[in-house]
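Below you'll find the structure, written out as structure tokens, and then a few comments.
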Amino acid sequence: MTIRVLLADDQAMVRGGLRLILEDQPDITVVAEAADGVDAVAQARRLRPDVCLVDIRMPRLDGIEVTRALAGPQVPEPMRVVVVTTFDLDEYVYGALRYGAVGFILKDAGPALLVEAVRAAHQGDALVSPSVTLRLLRHVTSTVRPTAGRRAPNLTERELEVVREIARGRTNREIAAELFISLSTVKSHVSGIQTKLDARNRVEIAAWAWENRVVEGT
């Protein structure tokens with residue numbers, strides 16, 4: 001199955017570079033490009049790509065608003081949005097994640113991570129550039145107080161183990177290997193965790209874990 005991708009970035013050279021990297025893969029094709037946020041939203045709604053790669057800073061509508069329009073809480077059929085940024089710790093990125101983005105990567109992260117992020121998003125997984133995962137989430141918890149009402153005492157011990165691994169930025173396959181369980185079992189746990197936490201995606205699970213000091217060492 002071919003993964004259909006929309007690229008949204010105000011720099012033509014960046015879009016061209018991303019397209020070359022992605023279309024070098026046999027299972028990925030770029031179906032559209034957008035130079036600003038308004039065009040990105042319009043094309044995404046019209047074409048329904050599998051994954052939208054969205055720059056955080058664009059004219060007319062920035063990446064946060066694009067993410068909210070395509071994947072926000074009020075969107076009945078949210079799309080899979082991956083935010084791309086040049087900054088390794090940016091409050092705008094966290095805002096985008098809160099509005100439903102399934103992850104974010106740095107523009108200088110390299111071709112392999114870009115491709116991996118697209119595939120992870122398509123599979124319902126999430127990928128955050130490893131160099132910023134813990135820094136970002138710890139930055140979040142330094143400014144957000146834990147909310148007792150959001151704790152979930154009905155999470156099983158195994159589910160809590162999965163939550164901790166998600167909070168560390170690990171993919172389903174990595175969690176399966178770490179916990180010595182099958183990939184299908186991990187997916188089942190993630191689905192159950194999302195339901196119990198009322199989380200829209202893995203990033204919200206990770207944010208909940210860090211905000212509520214579920215991750216060891218916080």
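Following the order of the structure tokens, chains are lettered A, B, ..., residues in each are numbered from 1, and ligands are numbered from 1.
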Using only C-alpha atoms, determine which residues lie at most 7 Å from stretch 183-191 of chain A, disregarding the query and same-chain residues fewer than 6 positions distant; provide the list as a ChimeraX atom specification. /A:159,172-173,176
Could you please write out, as a tab-separated table (two decimals) with N, CA, C and O atoms, in the first residue's frame, every residue of stretch 3-214 of chain A that DSSP assigns to strand (DSSP E or B)?
```tsv
chain	number	residue	atom	x	y	z
A	3	ILE	N	1.75	5.06	0.78
A	3	ILE	CA	1.42	6.10	1.75
A	3	ILE	C	1.37	7.44	1.04
A	3	ILE	O	2.36	7.88	0.46
A	4	ARG	N	0.22	8.10	1.08
A	4	ARG	CA	0.02	9.37	0.39
A	4	ARG	C	0.32	10.52	1.36
A	4	ARG	O	-0.27	10.61	2.43
A	5	VAL	N	1.23	11.41	0.96
A	5	VAL	CA	1.72	12.46	1.86
A	5	VAL	C	1.47	13.85	1.28
A	5	VAL	O	1.65	14.07	0.07
A	6	LEU	N	1.07	14.77	2.14
A	6	LEU	CA	0.98	16.19	1.78
A	6	LEU	C	2.12	16.92	2.49
A	6	LEU	O	2.35	16.72	3.69
A	7	LEU	N	2.84	17.77	1.76
A	7	LEU	CA	3.92	18.57	2.32
A	7	LEU	C	3.48	20.02	2.42
A	7	LEU	O	3.02	20.61	1.45
A	8	ALA	N	3.64	20.61	3.60
A	8	ALA	CA	3.29	22.01	3.79
A	8	ALA	C	4.48	22.76	4.39
A	8	ALA	O	4.85	22.53	5.54
A	28	ILE	N	6.00	5.32	-0.64
A	28	ILE	CA	5.56	6.68	-0.29
A	28	ILE	C	5.46	7.54	-1.55
A	28	ILE	O	6.34	7.49	-2.42
A	29	THR	N	4.39	8.31	-1.65
A	29	THR	CA	4.25	9.26	-2.75
A	29	THR	C	3.71	10.59	-2.22
A	29	THR	O	2.87	10.60	-1.31
A	30	VAL	N	4.21	11.69	-2.72
A	30	VAL	CA	3.74	13.02	-2.33
A	30	VAL	C	2.61	13.40	-3.27
A	30	VAL	O	2.80	13.51	-4.48
A	31	VAL	N	1.42	13.60	-2.72
A	31	VAL	CA	0.25	13.89	-3.55
A	31	VAL	C	-0.02	15.39	-3.68
A	31	VAL	O	-0.79	15.80	-4.55
A	32	ALA	N	0.60	16.20	-2.80
A	32	ALA	CA	0.36	17.64	-2.88
A	32	ALA	C	1.40	18.40	-2.08
A	32	ALA	O	2.00	17.86	-1.15
A	33	GLU	N	1.61	19.67	-2.48
A	33	GLU	CA	2.47	20.58	-1.75
A	33	GLU	C	1.70	21.86	-1.47
A	33	GLU	O	0.87	22.28	-2.28
A	34	ALA	N	1.97	22.47	-0.32
A	34	ALA	CA	1.33	23.73	0.03
A	34	ALA	C	2.38	24.69	0.57
A	34	ALA	O	3.25	24.29	1.34
A	51	VAL	N	-0.83	11.05	5.48
A	51	VAL	CA	0.00	11.78	6.43
A	51	VAL	C	0.23	13.20	5.92
A	51	VAL	O	0.47	13.40	4.73
A	52	CYS	N	0.15	14.18	6.83
A	52	CYS	CA	0.45	15.57	6.48
A	52	CYS	C	1.72	15.99	7.22
A	52	CYS	O	1.76	15.93	8.46
A	53	LEU	N	2.75	16.39	6.49
A	53	LEU	CA	3.96	16.93	7.09
A	53	LEU	C	3.83	18.45	7.08
A	53	LEU	O	3.78	19.06	6.00
A	54	VAL	N	3.78	19.06	8.25
A	54	VAL	CA	3.43	20.47	8.35
A	54	VAL	C	4.54	21.26	9.06
A	54	VAL	O	4.93	20.92	10.19
A	55	ASP	N	5.01	22.31	8.42
A	55	ASP	CA	5.99	23.20	9.04
A	55	ASP	C	5.30	23.99	10.14
A	55	ASP	O	4.12	24.33	10.04
A	81	VAL	N	-1.11	14.16	11.43
A	81	VAL	CA	-0.24	15.31	11.18
A	81	VAL	C	1.07	15.14	11.92
A	81	VAL	O	1.09	14.85	13.12
A	82	VAL	N	2.17	15.32	11.21
A	82	VAL	CA	3.50	15.34	11.81
A	82	VAL	C	4.06	16.74	11.62
A	82	VAL	O	4.14	17.24	10.50
A	83	VAL	N	4.43	17.38	12.71
A	83	VAL	CA	4.95	18.74	12.67
A	83	VAL	C	6.46	18.70	12.45
A	83	VAL	O	7.17	17.89	13.05
A	84	VAL	N	6.94	19.57	11.58
A	84	VAL	CA	8.36	19.68	11.29
A	84	VAL	C	8.85	21.03	11.78
A	84	VAL	O	8.20	22.06	11.54
A	85	THR	N	9.97	21.06	12.48
A	85	THR	CA	10.47	22.32	13.03
A	85	THR	C	11.99	22.40	12.95
A	85	THR	O	12.66	21.37	12.89
A	103	GLY	N	3.17	13.61	16.21
A	103	GLY	CA	4.59	13.67	16.51
A	103	GLY	C	5.24	14.87	15.86
A	103	GLY	O	4.57	15.68	15.21
A	104	PHE	N	6.54	14.99	16.06
A	104	PHE	CA	7.27	16.04	15.36
A	104	PHE	C	8.72	15.62	15.18
A	104	PHE	O	9.25	14.80	15.91
A	105	ILE	N	9.32	16.17	14.14
A	105	ILE	CA	10.72	15.88	13.84
A	105	ILE	C	11.44	17.18	13.51
A	105	ILE	O	10.82	18.17	13.15
A	106	LEU	N	12.74	17.14	13.65
A	106	LEU	CA	13.57	18.29	13.29
A	106	LEU	C	13.90	18.23	11.81
A	106	LEU	O	14.09	17.15	11.24
A	128	VAL	N	8.79	11.02	17.72
A	128	VAL	CA	9.33	12.32	18.09
A	128	VAL	C	10.85	12.22	18.00
A	128	VAL	O	11.43	11.22	18.42
```
Name the residues of stretch 7-194 of chain A that come out as helix (DSSP H, G or I) in a backbone DSSP run; write them as an MDAnalysis selection string. chainID A and resid 12:23 37:47 63:71 91:98 111:122 133:143 148:150 157:167 172:179 183:194
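Take atom CA of A:Pro78 and atom CA of A:Leu113: the distance between them is 23.4 Å.
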Report, in Å with one decimal, the straight-line distance from atom CA of A:Gly100 to atom CA of A:His122.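 So the two atoms, atom CA of A:Gly100 and atom CA of A:His122, lie 14.4 Å apart.
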If I take atom CA of A:Ala117 and atom CA of A:Pro26, how far is one from the other in Å, to one decimal?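 That distance, rounded to one decimal, is 15.5 Å.
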Which one is closest to A:Pro59: A:Glu77, A:Glu23, A:Asp9, A:Asp198? Count only C-alpha atoms.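 Of the candidates, the smallest distance to A:Pro59 is held by A:Asp9.
Of the residues under consideration (A:Leu160, A:Val38, A:Val75, A:Leu97), A:Val38 shows the shortest atom-to-atom contact distance to A:Asp62 when counting only C-alpha atoms.
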From A:Ile193, A:Ala199, A:Ile56, A:Ala207, residue lying nearest A:Ala167 [only C-alpha atoms]: A:Ala207
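Considering only C-alpha atoms, the residue among A:Val214, A:Leu18, A:Met1, A:Leu70 positioned nearest to A:Asp108 is A:Leu18.
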From the list A:Leu197, A:Ala96, A:Ala35, A:Met79, which residue is nearest A:Glu65 when using only C-alpha atoms?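 Ranking A:Leu197, A:Ala96, A:Ala35, A:Met79 by distance to A:Glu65, first place goes to A:Ala96.
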From the options A:Leu114, A:Leu47, A:Ala209, A:Leu61, which residue's atoms come nearest to A:Leu22, counting only C-alpha atoms? A:Leu114
